file run_23.cif (mmCIF, C-alpha atoms)
data_structure
#
loop_
_atom_site.group_PDB
_atom_site.id
_atom_site.type_symbol
_atom_site.label_atom_id
_atom_site.label_comp_id
_atom_site.auth_asym_id
_atom_site.auth_seq_id
_atom_site.Cartn_x
_atom_site.Cartn_y
_atom_site.Cartn_z
ATOM 1 C CA MET A 58 83.601 132.779 52.216
ATOM 2 C CA GLU A 59 83.101 130.247 54.994
ATOM 3 C CA LYS A 60 80.313 130.899 57.464
ATOM 4 C CA VAL A 61 81.364 132.579 60.702
ATOM 5 C CA SER A 62 80.131 131.567 64.155
ATOM 6 C CA TYR A 63 79.920 133.450 67.435
ATOM 7 C CA LYS A 64 82.739 131.228 68.711
ATOM 8 C CA ASP A 65 84.905 132.359 65.777
ATOM 9 C CA ALA A 66 84.350 135.911 67.018
ATOM 10 C CA GLY A 67 85.665 134.930 70.439
ATOM 11 C CA VAL A 68 82.458 134.190 72.374
ATOM 12 C CA ASP A 69 81.838 130.612 73.505
ATOM 13 C CA ILE A 70 78.179 130.093 74.416
ATOM 14 C CA ASP A 71 78.805 126.514 75.555
ATOM 15 C CA ALA A 72 81.513 127.678 77.983
ATOM 16 C CA GLY A 73 79.066 130.181 79.426
ATOM 17 C CA ASN A 74 76.416 127.517 79.913
ATOM 18 C CA SER A 75 78.855 125.146 81.613
ATOM 19 C CA PHE A 76 79.956 127.952 83.917
ATOM 20 C CA VAL A 77 76.372 128.672 84.997
ATOM 21 C CA GLU A 78 75.831 124.997 85.700
ATOM 22 C CA ALA A 79 79.035 124.791 87.746
ATOM 23 C CA ILE A 80 78.137 127.661 90.099
ATOM 24 C CA LYS A 81 74.563 126.622 90.900
ATOM 25 C CA ASP A 82 75.337 124.878 94.180
ATOM 26 C CA ASP A 83 77.467 127.772 95.475
ATOM 27 C CA VAL A 84 74.772 130.286 94.594
ATOM 28 C CA LYS A 85 71.914 128.250 96.084
ATOM 29 C CA ALA A 86 73.857 127.953 99.345
ATOM 30 C CA THR A 87 73.338 131.699 99.881
ATOM 31 C CA PHE A 88 69.530 131.570 99.506
ATOM 32 C CA ASP A 89 67.247 132.309 102.448
ATOM 33 C CA GLU A 90 63.486 131.985 102.871
ATOM 34 C CA ASN A 91 62.853 135.278 101.033
ATOM 35 C CA VAL A 92 64.388 134.193 97.728
ATOM 36 C CA LEU A 93 61.674 133.405 95.183
ATOM 37 C CA GLY A 94 62.456 131.073 92.311
ATOM 38 C CA GLY A 95 65.819 129.690 91.334
ATOM 39 C CA ILE A 96 68.702 130.401 88.994
ATOM 40 C CA GLY A 97 68.183 131.200 85.341
ATOM 41 C CA SER A 98 65.267 133.604 85.311
ATOM 42 C CA PHE A 99 65.517 137.047 83.711
ATOM 43 C CA ALA A 100 65.482 138.725 87.130
ATOM 44 C CA GLY A 101 66.079 137.698 90.725
ATOM 45 C CA ALA A 102 63.062 137.892 93.032
ATOM 46 C CA TYR A 103 63.216 138.582 96.760
ATOM 47 C CA ALA A 104 60.260 139.001 99.130
ATOM 48 C CA LEU A 105 60.429 141.970 101.500
ATOM 49 C CA PRO A 106 61.045 140.862 105.100
ATOM 50 C CA SER A 107 58.190 141.519 107.495
ATOM 51 C CA GLY A 108 58.319 143.456 110.739
ATOM 52 C CA TYR A 109 59.217 146.896 109.391
ATOM 53 C CA LYS A 110 56.927 149.885 110.077
ATOM 54 C CA GLU A 111 58.306 152.126 107.319
ATOM 55 C CA PRO A 112 60.668 149.973 105.273
ATOM 56 C CA VAL A 113 63.139 151.708 103.012
ATOM 57 C CA LEU A 114 65.310 149.957 100.447
ATOM 58 C CA LEU A 115 68.929 151.032 100.188
ATOM 59 C CA SER A 116 71.436 150.045 97.524
ATOM 60 C CA ALA A 117 75.195 150.149 97.068
ATOM 61 C CA THR A 118 77.486 149.293 94.189
ATOM 62 C CA ASP A 119 81.260 148.947 93.949
ATOM 63 C CA GLY A 120 84.126 147.035 92.410
ATOM 64 C CA VAL A 121 87.477 145.703 93.568
ATOM 65 C CA GLY A 122 89.743 148.221 91.842
ATOM 66 C CA THR A 123 93.280 147.383 90.773
ATOM 67 C CA LYS A 124 93.553 144.774 93.519
ATOM 68 C CA LEU A 125 91.895 142.684 90.838
ATOM 69 C CA LYS A 126 94.958 143.145 88.630
ATOM 70 C CA LEU A 127 97.149 141.512 91.272
ATOM 71 C CA ALA A 128 94.728 138.603 91.547
ATOM 72 C CA ILE A 129 94.776 138.082 87.787
ATOM 73 C CA GLU A 130 98.560 138.340 87.499
ATOM 74 C CA SER A 131 99.146 135.937 90.397
ATOM 75 C CA LYS A 132 96.292 133.633 89.310
ATOM 76 C CA LYS A 133 94.918 133.729 92.859
ATOM 77 C CA LEU A 134 91.219 134.288 92.216
ATOM 78 C CA ASP A 135 89.582 132.729 95.276
ATOM 79 C CA SER A 136 89.219 135.849 97.423
ATOM 80 C CA VAL A 137 88.402 138.823 95.169
ATOM 81 C CA GLY A 138 84.743 137.818 95.226
ATOM 82 C CA ILE A 139 84.746 138.335 98.980
ATOM 83 C CA ASP A 140 86.198 141.805 98.419
ATOM 84 C CA LEU A 141 83.404 142.582 95.971
ATOM 85 C CA VAL A 142 80.690 141.727 98.465
ATOM 86 C CA ALA A 143 82.463 143.457 101.356
ATOM 87 C CA MET A 144 82.836 146.782 99.583
ATOM 88 C CA CYS A 145 79.084 146.912 98.967
ATOM 89 C CA VAL A 146 77.582 145.532 102.173
ATOM 90 C CA ASN A 147 79.960 147.461 104.430
ATOM 91 C CA ASP A 148 78.588 150.631 102.839
ATOM 92 C CA LEU A 149 74.978 149.528 103.344
ATOM 93 C CA ILE A 150 75.285 149.063 107.085
ATOM 94 C CA CYS A 151 76.577 152.639 107.450
ATOM 95 C CA ASN A 152 72.993 153.685 106.732
ATOM 96 C CA PHE A 153 71.671 151.048 109.152
ATOM 97 C CA ALA A 154 70.515 148.828 106.302
ATOM 98 C CA THR A 155 70.461 145.054 106.735
ATOM 99 C CA PRO A 156 71.742 143.460 103.509
ATOM 100 C CA MET A 157 69.128 141.311 101.747
ATOM 101 C CA PHE A 158 70.486 140.314 98.367
ATOM 102 C CA PHE A 159 73.445 140.749 96.032
ATOM 103 C CA LEU A 160 74.092 140.668 92.280
ATOM 104 C CA ASP A 161 77.366 140.571 90.394
ATOM 105 C CA TYR A 162 78.653 141.509 86.946
ATOM 106 C CA TYR A 163 81.642 139.629 85.523
ATOM 107 C CA ALA A 164 83.071 140.970 82.253
ATOM 108 C CA THR A 165 85.976 139.278 80.492
ATOM 109 C CA GLY A 166 87.805 139.019 77.206
ATOM 110 C CA LYS A 167 87.590 135.217 77.174
ATOM 111 C CA LEU A 168 85.522 133.212 79.604
ATOM 112 C CA ILE A 169 87.581 130.560 81.357
ATOM 113 C CA PRO A 170 84.900 128.650 83.295
ATOM 114 C CA GLU A 171 87.214 127.345 86.035
ATOM 115 C CA ASP A 172 88.553 130.861 86.734
ATOM 116 C CA ALA A 173 85.093 132.405 86.742
ATOM 117 C CA GLN A 174 83.888 129.657 89.054
ATOM 118 C CA LYS A 175 86.618 130.519 91.584
ATOM 119 C CA VAL A 176 85.525 134.145 91.523
ATOM 120 C CA VAL A 177 81.837 133.358 91.990
ATOM 121 C CA LYS A 178 82.651 130.861 94.733
ATOM 122 C CA GLY A 179 84.338 133.779 96.534
ATOM 123 C CA ILE A 180 81.293 135.969 95.944
ATOM 124 C CA ALA A 181 79.073 133.255 97.412
ATOM 125 C CA LYS A 182 81.394 132.926 100.412
ATOM 126 C CA GLY A 183 81.189 136.684 100.955
ATOM 127 C CA CYS A 184 77.399 136.578 100.698
ATOM 128 C CA LEU A 185 77.230 133.857 103.332
ATOM 129 C CA GLU A 186 79.390 135.957 105.650
ATOM 130 C CA ALA A 187 77.189 138.991 104.961
ATOM 131 C CA GLU A 188 73.999 136.907 105.382
ATOM 132 C CA SER A 189 72.932 138.139 101.968
ATOM 133 C CA ALA A 190 71.460 136.041 99.140
ATOM 134 C CA LEU A 191 73.212 135.932 95.776
ATOM 135 C CA ILE A 192 70.108 136.069 93.553
ATOM 136 C CA GLY A 193 71.539 137.041 90.184
ATOM 137 C CA GLY A 194 74.472 137.987 88.037
ATOM 138 C CA GLU A 195 75.683 138.603 84.528
ATOM 139 C CA THR A 196 78.672 137.175 82.706
ATOM 140 C CA ALA A 197 79.774 139.082 79.621
ATOM 141 C CA GLU A 198 82.404 137.741 77.223
ATOM 142 C CA MET A 199 83.738 140.689 75.204
ATOM 143 C CA PRO A 200 86.941 139.867 73.300
ATOM 144 C CA GLY A 201 86.983 143.262 71.626
ATOM 145 C CA MET A 202 86.841 145.087 74.934
ATOM 146 C CA TYR A 203 89.198 143.152 77.232
ATOM 147 C CA SER A 204 92.475 141.355 76.596
ATOM 148 C CA LYS A 205 92.388 137.558 76.826
ATOM 149 C CA ASP A 206 93.260 137.162 80.525
ATOM 150 C CA ASP A 207 91.639 140.314 81.874
ATOM 151 C CA PHE A 208 88.263 140.582 83.543
ATOM 152 C CA ASP A 209 86.435 143.094 85.690
ATOM 153 C CA LEU A 210 83.918 142.816 88.496
ATOM 154 C CA ALA A 211 81.074 144.946 89.756
ATOM 155 C CA GLY A 212 78.752 144.222 92.647
ATOM 156 C CA PHE A 213 75.313 145.446 93.620
ATOM 157 C CA ALA A 214 73.825 145.049 97.101
ATOM 158 C CA VAL A 215 70.331 145.887 98.336
ATOM 159 C CA GLY A 216 69.379 146.226 101.984
ATOM 160 C CA ILE A 217 66.415 147.258 104.087
ATOM 161 C CA ALA A 218 66.084 149.687 107.000
ATOM 162 C CA GLU A 219 63.488 151.533 109.014
ATOM 163 C CA LYS A 220 63.030 155.016 107.613
ATOM 164 C CA SER A 221 63.524 156.485 111.086
ATOM 165 C CA GLN A 222 66.949 154.855 111.448
ATOM 166 C CA ILE A 223 68.605 155.985 108.221
ATOM 167 C CA ASP A 224 69.638 159.478 109.341
ATOM 168 C CA ARG A 225 72.583 158.902 111.665
ATOM 169 C CA VAL A 226 74.089 162.408 111.418
ATOM 170 C CA SER A 227 71.289 163.960 113.514
ATOM 171 C CA LYS A 228 72.204 161.644 116.402
ATOM 172 C CA ILE A 229 75.820 162.833 116.592
ATOM 173 C CA LYS A 230 76.864 164.767 119.738
ATOM 174 C CA SER A 231 80.060 166.023 121.271
ATOM 175 C CA GLY A 232 81.634 163.583 123.716
ATOM 176 C CA GLN A 233 80.694 160.415 121.880
ATOM 177 C CA LYS A 234 83.555 157.945 121.508
ATOM 178 C CA LEU A 235 85.190 156.630 118.351
ATOM 179 C CA LEU A 236 85.764 152.890 118.166
ATOM 180 C CA ALA A 237 88.050 151.340 115.555
ATOM 181 C CA LEU A 238 87.219 147.947 114.113
ATOM 182 C CA PRO A 239 90.443 146.452 112.736
ATOM 183 C CA SER A 240 90.826 145.890 109.032
ATOM 184 C CA SER A 241 92.014 142.526 107.740
ATOM 185 C CA GLY A 242 94.568 144.238 105.516
ATOM 186 C CA ILE A 243 94.648 146.889 102.817
ATOM 187 C CA HIS A 244 91.082 145.917 101.888
ATOM 188 C CA SER A 245 90.263 147.201 98.376
ATOM 189 C CA ASN A 246 91.570 150.746 98.101
ATOM 190 C CA GLY A 247 94.919 152.289 97.237
ATOM 191 C CA TYR A 248 96.256 149.443 95.118
ATOM 192 C CA SER A 249 97.516 151.700 92.345
ATOM 193 C CA LEU A 250 99.890 153.200 94.909
ATOM 194 C CA VAL A 251 100.670 149.742 96.342
ATOM 195 C CA ARG A 252 101.661 148.405 92.934
ATOM 196 C CA LYS A 253 103.645 151.527 92.040
ATOM 197 C CA LEU A 254 105.647 151.458 95.268
ATOM 198 C CA LEU A 255 106.187 147.777 95.999
ATOM 199 C CA PHE A 256 106.713 146.455 92.486
ATOM 200 C CA ASP A 257 107.777 149.387 90.284
ATOM 201 C CA LYS A 258 109.894 151.314 92.805
ATOM 202 C CA LEU A 259 111.101 148.663 95.264
ATOM 203 C CA GLY A 260 111.267 145.780 92.806
ATOM 204 C CA MET A 261 109.523 143.326 95.123
ATOM 205 C CA SER A 262 107.926 140.128 93.829
ATOM 206 C CA PHE A 263 104.808 138.149 94.653
ATOM 207 C CA ASP A 264 106.786 135.367 96.321
ATOM 208 C CA ASP A 265 108.801 137.601 98.643
ATOM 209 C CA GLU A 266 108.289 136.619 102.268
ATOM 210 C CA PHE A 267 106.497 139.205 104.362
ATOM 211 C CA GLU A 268 105.607 138.639 108.006
ATOM 212 C CA GLY A 269 105.691 134.869 107.627
ATOM 213 C CA ARG A 270 103.699 134.594 104.417
ATOM 214 C CA SER A 271 104.121 135.536 100.768
ATOM 215 C CA LEU A 272 103.722 139.191 99.846
ATOM 216 C CA ILE A 273 100.943 138.421 97.375
ATOM 217 C CA ASP A 274 98.930 136.579 100.022
ATOM 218 C CA THR A 275 99.260 139.607 102.277
ATOM 219 C CA LEU A 276 98.127 141.945 99.505
ATOM 220 C CA LEU A 277 95.194 139.744 98.506
ATOM 221 C CA GLU A 278 93.883 139.234 102.049
ATOM 222 C CA PRO A 279 90.139 139.765 101.527
ATOM 223 C CA THR A 280 88.275 142.753 102.880
ATOM 224 C CA LYS A 281 86.625 142.086 106.238
ATOM 225 C CA ILE A 282 82.838 142.014 106.244
ATOM 226 C CA TYR A 283 81.342 143.755 109.286
ATOM 227 C CA VAL A 284 77.659 142.840 108.860
ATOM 228 C CA LYS A 285 77.429 140.362 111.745
ATOM 229 C CA ASP A 286 79.262 142.763 114.083
ATOM 230 C CA PHE A 287 76.763 145.460 113.114
ATOM 231 C CA LYS A 288 73.747 143.245 113.718
ATOM 232 C CA ARG A 289 74.975 142.240 117.177
ATOM 233 C CA ASN A 290 75.585 145.834 118.242
ATOM 234 C CA LYS A 291 72.986 147.774 116.271
ATOM 235 C CA GLU A 292 71.186 149.137 119.324
ATOM 236 C CA ASN A 293 74.403 150.579 120.767
ATOM 237 C CA ILE A 294 75.796 152.226 117.624
ATOM 238 C CA VAL A 295 75.173 155.908 116.951
ATOM 239 C CA ALA A 296 76.833 156.012 113.526
ATOM 240 C CA LEU A 297 79.261 154.051 111.340
ATOM 241 C CA ALA A 298 81.880 155.029 108.781
ATOM 242 C CA HIS A 299 83.343 152.519 106.335
ATOM 243 C CA ILE A 300 87.018 153.432 105.920
ATOM 244 C CA THR A 301 87.679 153.063 102.202
ATOM 245 C CA GLY A 302 89.454 155.315 99.697
ATOM 246 C CA GLY A 303 90.265 158.595 101.419
ATOM 247 C CA GLY A 304 91.008 156.882 104.722
ATOM 248 C CA ILE A 305 89.741 158.019 108.105
ATOM 249 C CA VAL A 306 90.232 161.697 107.284
ATOM 250 C CA GLU A 307 87.758 161.672 104.388
ATOM 251 C CA ASN A 308 85.274 158.968 105.365
ATOM 252 C CA LEU A 309 84.561 159.744 109.012
ATOM 253 C CA PRO A 310 83.344 163.317 108.232
ATOM 254 C CA ARG A 311 80.564 161.795 106.099
ATOM 255 C CA VAL A 312 78.652 160.950 109.294
ATOM 256 C CA LEU A 313 79.425 164.200 111.163
ATOM 257 C CA PRO A 314 77.279 167.344 111.212
ATOM 258 C CA GLU A 315 78.705 170.828 110.807
ATOM 259 C CA GLY A 316 80.327 172.085 113.994
ATOM 260 C CA ILE A 317 81.275 168.688 115.363
ATOM 261 C CA GLY A 318 84.572 167.084 114.470
ATOM 262 C CA ALA A 319 86.577 164.015 115.352
ATOM 263 C CA VAL A 320 89.804 163.979 117.334
ATOM 264 C CA VAL A 321 91.716 160.756 116.663
ATOM 265 C CA ASP A 322 94.721 159.741 118.746
ATOM 266 C CA LYS A 323 97.202 158.433 116.184
ATOM 267 C CA SER A 324 99.189 156.598 118.844
ATOM 268 C CA LYS A 325 96.184 154.374 119.538
ATOM 269 C CA ILE A 326 95.742 153.225 115.938
ATOM 270 C CA LYS A 327 96.981 149.673 115.543
ATOM 271 C CA THR A 328 98.544 149.897 112.108
ATOM 272 C CA LEU A 329 99.347 146.726 110.212
ATOM 273 C CA PRO A 330 102.885 145.742 109.151
ATOM 274 C CA ILE A 331 102.134 146.325 105.462
ATOM 275 C CA PHE A 332 101.303 149.957 106.232
ATOM 276 C CA ASP A 333 104.417 150.303 108.375
ATOM 277 C CA LEU A 334 106.474 149.146 105.393
ATOM 278 C CA MET A 335 104.887 151.569 102.957
ATOM 279 C CA SER A 336 105.100 154.452 105.451
ATOM 280 C CA LYS A 337 108.883 154.391 105.028
ATOM 281 C CA TYR A 338 108.468 155.606 101.457
ATOM 282 C CA VAL A 339 105.167 157.533 101.474
ATOM 283 C CA ASP A 340 104.374 160.755 103.358
ATOM 284 C CA GLU A 341 102.265 160.208 106.452
ATOM 285 C CA ASP A 342 99.478 162.519 105.260
ATOM 286 C CA GLU A 343 99.343 160.617 101.992
ATOM 287 C CA MET A 344 99.115 157.312 103.844
ATOM 288 C CA TYR A 345 96.210 158.509 105.979
ATOM 289 C CA ARG A 346 94.249 159.874 103.015
ATOM 290 C CA THR A 347 94.823 156.778 100.861
ATOM 291 C CA PHE A 348 94.673 153.733 103.155
ATOM 292 C CA ASN A 349 92.612 152.486 106.095
ATOM 293 C CA MET A 350 95.851 152.184 108.146
ATOM 294 C CA GLY A 351 94.481 149.139 109.960
ATOM 295 C CA VAL A 352 91.033 150.589 110.710
ATOM 296 C CA GLY A 353 88.347 149.034 108.531
ATOM 297 C CA MET A 354 85.411 150.781 110.145
ATOM 298 C CA VAL A 355 84.830 153.454 112.774
ATOM 299 C CA TRP A 356 81.806 153.329 115.057
ATOM 300 C CA VAL A 357 80.473 156.299 116.998
ATOM 301 C CA VAL A 358 79.247 155.092 120.387
ATOM 302 C CA GLU A 359 77.886 156.797 123.489
ATOM 303 C CA ASP A 360 80.451 156.865 126.299
ATOM 304 C CA GLU A 361 78.295 154.733 128.613
ATOM 305 C CA LYS A 362 77.895 152.065 125.908
ATOM 306 C CA VAL A 363 81.587 151.645 125.078
ATOM 307 C CA ASP A 364 82.325 148.772 127.467
ATOM 308 C CA GLU A 365 79.257 146.839 126.353
ATOM 309 C CA VAL A 366 80.253 147.151 122.715
ATOM 310 C CA LEU A 367 83.882 146.249 123.384
ATOM 311 C CA ASN A 368 82.731 143.069 125.123
ATOM 312 C CA SER A 369 80.949 141.882 121.985
ATOM 313 C CA VAL A 370 83.232 142.902 119.114
ATOM 314 C CA ASN A 371 86.931 143.174 118.328
ATOM 315 C CA ALA A 372 87.381 146.948 118.605
ATOM 316 C CA TYR A 373 89.217 149.638 120.561
ATOM 317 C CA VAL A 374 88.834 153.359 121.314
ATOM 318 C CA ILE A 375 90.806 155.764 119.114
ATOM 319 C CA GLY A 376 89.245 159.123 119.958
ATOM 320 C CA GLU A 377 86.121 161.145 120.500
ATOM 321 C CA LEU A 378 83.877 163.804 118.978
ATOM 322 C CA LYS A 379 84.239 167.447 119.960
ATOM 323 C CA ALA A 380 82.231 170.578 119.274
ATOM 324 C CA ASN A 381 83.443 173.658 117.412
ATOM 325 C CA ILE A 382 85.828 171.804 115.129
ATOM 326 C CA ASP A 383 85.280 170.419 111.637
ATOM 327 C CA GLY A 384 86.510 167.274 109.981
ATOM 328 C CA VAL A 385 89.062 164.914 111.480
ATOM 329 C CA LYS A 386 92.141 165.881 113.420
ATOM 330 C CA ILE A 387 94.682 163.090 113.779
#
call {"tool": "encode", "arguments": {"input": "run_23.cif", "output": "structure tokens"}}
result
Amino acid sequence: MEKVSYKDAGVDIDAGNSFVEAIKDDVKATFDENVLGGIGSFAGAYALPSGYKEPVLLSATDGVGTKLKLAIESKKLDSVGIDLVAMCVNDLICNFATPMFFLDYYATGKLIPEDAQKVVKGIAKGCLEAESALIGGETAEMPGMYSKDDFDLAGFAVGIAEKSQIDRVSKIKSGQKLLALPSSGIHSNGYSLVRKLLFDKLGMSFDDEFEGRSLIDTLLEPTKIYVKDFKRNKENIVALAHITGGGIVENLPRVLPEGIGAVVDKSKIKTLPIFDLMSKYVDEDEMYRTFNMGVGMVWVVEDEKVDEVLNSVNAYVIGELKANIDGVKI
């Protein structure tokens, strides 16, 4: 019997090495003064920023979900890396953590260096927007686990916060206002329903025109990263809720104490055209518990601070907090 190599089994070590070499410049562009060492070590090293009295490290991990399937099928891979970063860092800031560094995991059936490079370039772009260093990652080529063209992504973000600032729920009071920060699109939740409705039920295609652009470009619009908005307004924010799977009705209660609920004026929500389209075929309650409906994040702000915040960020008032109710009433 002839000798068998790793490449015969479907894993190309040389392709992996060329991929690592190709992404070095994009990765290094995300480094700040706290990154220790370079690329290629067994672990990424990051020095703790100074100036914290009781520093606490916070972490978040997430993926892109079946939005990734649309990117693979359409061969548009430039933006899913941004989604990966956004889903993690947007969670971190809800606990008042400033993102420090990010790591990614890329698993595929067959490593295609140019495709993987597009993905990592997007991750690096997201890290730059989040002011977070990309200090490590892992690329796994597993032909027995994934089909040839498939791959999956996972992201891991670490941030830092003052211990005294982490608990936002205790600062919640009746009368505080709810500010909506617009989403850039569907973001990265609900895509199983999107695919079922638009492609299986309605028979739409990637190239269909929608609001002046192709449908696939609308669907792959990357998730907005809110880190810079948070940093600019940190002193005026009481609490934040990242509106992901479950929508406003399930995510906003995560920052509310018992006995205080949110009253949201539906007429004030600036829904996006893609949600208006899907709302024709999906029950309203299902829409609001699946999608962000055009609201990527909700900030709780004291009434006297609303104007100041609105002058520094793209946001608008959608409701307020009230005592003696629970959850969210839309």
call {"tool": "atom_distance", "arguments": {"input": "run_23.cif", "atom1": "atom CA of A:Val176", "atom2": "atom CA of A:Asp207"}}
result
13.0 Å
call {"tool": "closest_atom_pairs", "arguments": {"input": "run_23.cif", "of": "stretch 289-343 of chain A", "to": "stretch 249-253 of chain A", "cutoff": "12 Å", "atoms": "all atoms listed in the file", "output": "Markdown table"}}
result
| residue | atom | partner | partner_atom | distance |
| --- | --- | --- | --- | --- |
| A:Gly302 | CA | A:Ser249 | CA | 11.5 |
| A:Ile331 | CA | A:Val251 | CA | 9.8 |
| A:Phe332 | CA | A:Val251 | CA | 9.9 |
| A:Leu334 | CA | A:Val251 | CA | 10.8 |
| A:Met335 | CA | A:Val251 | CA | 8.1 |
| A:Ser336 | CA | A:Val251 | CA | 11.2 |
| A:Tyr338 | CA | A:Val251 | CA | 11.0 |
| A:Val339 | CA | A:Leu250 | CA | 9.5 |
| A:Glu343 | CA | A:Leu250 | CA | 10.3 |
call {"tool": "closest_residue", "arguments": {"input": "run_23.cif", "among": "A:Lys126, A:Lys132, A:Lys167, A:Lys291", "to": "A:Lys64", "atoms": "all atoms listed in the file"}}
result
A:Lys167
call {"tool": "closest_residue", "arguments": {"input": "run_23.cif", "among": "A:Gly316, A:Gly216, A:Gly138, A:Gly201", "to": "A:Val177", "atoms": "all atoms listed in the file"}}
result
A:Gly138
call {"tool": "residues_around", "arguments": {"input": "run_23.cif", "residues": "A:Met350", "least_positions_apart": "6", "cutoff": "8 Å", "atoms": "all atoms listed in the file", "output": "number ranges by chain"}}
result
A: 243, 304, 326-329, 332, 344
call {"tool": "closest_residue", "arguments": {"input": "run_23.cif", "among": "A:Val312, A:Cys145, A:Leu114, A:Ile96", "to": "A:Ser227", "atoms": "all atoms listed in the file"}}
result
A:Val312
call {"tool": "closest_residue", "arguments": {"input": "run_23.cif", "among": "A:Val358, A:Val226, A:Ile305, A:Ala298", "to": "A:Ile150", "atoms": "only C-alpha atoms"}}
result
A:Ala298
call {"tool": "resolve_selection", "arguments": {"input": "run_23.cif", "expression": "the PyMOL selection byres ((chain A and resi 377) around 10)", "output": "ChimeraX atom specification"}}
result
/A:230-236,318-322,357-360,374-376,378-379
call {"tool": "atom_distance", "arguments": {"input": "run_23.cif", "atom1": "atom CA of A:Tyr203", "atom2": "atom CA of A:Asp119"}}
result
19.4 Å
call {"tool": "resolve_selection", "arguments": {"input": "run_23.cif", "expression": "the PyMOL selection byres ((chain A and resi 88) around 12)", "output": "count of residues only"}}
result
33
call {"tool": "build_atoms", "arguments": {"input": "run_23.cif", "residues": "stretch 150-162 of chain A", "atoms": "N, CA and C atoms", "output": "PDB file, keeping the file's coordinate frame"}}
result
ATOM      1  N   ILE A 150      75.541 149.016 105.641  1.00  0.00           N
ATOM      2  CA  ILE A 150      75.285 149.063 107.085  1.00  0.00           C
ATOM      3  C   ILE A 150      75.571 150.442 107.672  1.00  0.00           C
ATOM      4  N   CYS A 151      76.325 151.274 106.962  1.00  0.00           N
ATOM      5  CA  CYS A 151      76.577 152.639 107.450  1.00  0.00           C
ATOM      6  C   CYS A 151      75.303 153.471 107.442  1.00  0.00           C
ATOM      7  N   ASN A 152      74.304 153.049 106.693  1.00  0.00           N
ATOM      8  CA  ASN A 152      72.993 153.685 106.732  1.00  0.00           C
ATOM      9  C   ASN A 152      71.979 152.815 107.464  1.00  0.00           C
ATOM     10  N   PHE A 153      72.495 151.921 108.312  1.00  0.00           N
ATOM     11  CA  PHE A 153      71.671 151.048 109.152  1.00  0.00           C
ATOM     12  C   PHE A 153      70.795 150.103 108.329  1.00  0.00           C
ATOM     13  N   ALA A 154      71.254 149.756 107.141  1.00  0.00           N
ATOM     14  CA  ALA A 154      70.515 148.828 106.302  1.00  0.00           C
ATOM     15  C   ALA A 154      71.024 147.407 106.507  1.00  0.00           C
ATOM     16  N   THR A 155      70.120 146.468 106.657  1.00  0.00           N
ATOM     17  CA  THR A 155      70.461 145.054 106.735  1.00  0.00           C
ATOM     18  C   THR A 155      70.506 144.496 105.321  1.00  0.00           C
ATOM     19  N   PRO A 156      71.652 143.984 104.871  1.00  0.00           N
ATOM     20  CA  PRO A 156      71.742 143.460 103.509  1.00  0.00           C
ATOM     21  C   PRO A 156      70.736 142.331 103.277  1.00  0.00           C
ATOM     22  N   MET A 157      70.085 142.359 102.104  1.00  0.00           N
ATOM     23  CA  MET A 157      69.128 141.311 101.747  1.00  0.00           C
ATOM     24  C   MET A 157      69.655 140.455 100.603  1.00  0.00           C
ATOM     25  N   PHE A 158      70.017 141.101  99.504  1.00  0.00           N
ATOM     26  CA  PHE A 158      70.486 140.314  98.367  1.00  0.00           C
ATOM     27  C   PHE A 158      71.573 141.043  97.593  1.00  0.00           C
ATOM     28  N   PHE A 159      72.258 140.275  96.744  1.00  0.00           N
ATOM     29  CA  PHE A 159      73.445 140.749  96.032  1.00  0.00           C
ATOM     30  C   PHE A 159      73.398 140.246  94.591  1.00  0.00           C
ATOM     31  N   LEU A 160      73.928 141.061  93.672  1.00  0.00           N
ATOM     32  CA  LEU A 160      74.092 140.668  92.280  1.00  0.00           C
ATOM     33  C   LEU A 160      75.501 141.032  91.835  1.00  0.00           C
ATOM     34  N   ASP A 161      76.015 140.288  90.874  1.00  0.00           N
ATOM     35  CA  ASP A 161      77.366 140.571  90.394  1.00  0.00           C
ATOM     36  C   ASP A 161      77.396 140.690  88.873  1.00  0.00           C
ATOM     37  N   TYR A 162      78.409 141.372  88.381  1.00  0.00           N
ATOM     38  CA  TYR A 162      78.653 141.509  86.946  1.00  0.00           C
ATOM     39  C   TYR A 162      80.105 141.147  86.685  1.00  0.00           C
TER      40      TYR A 162
END
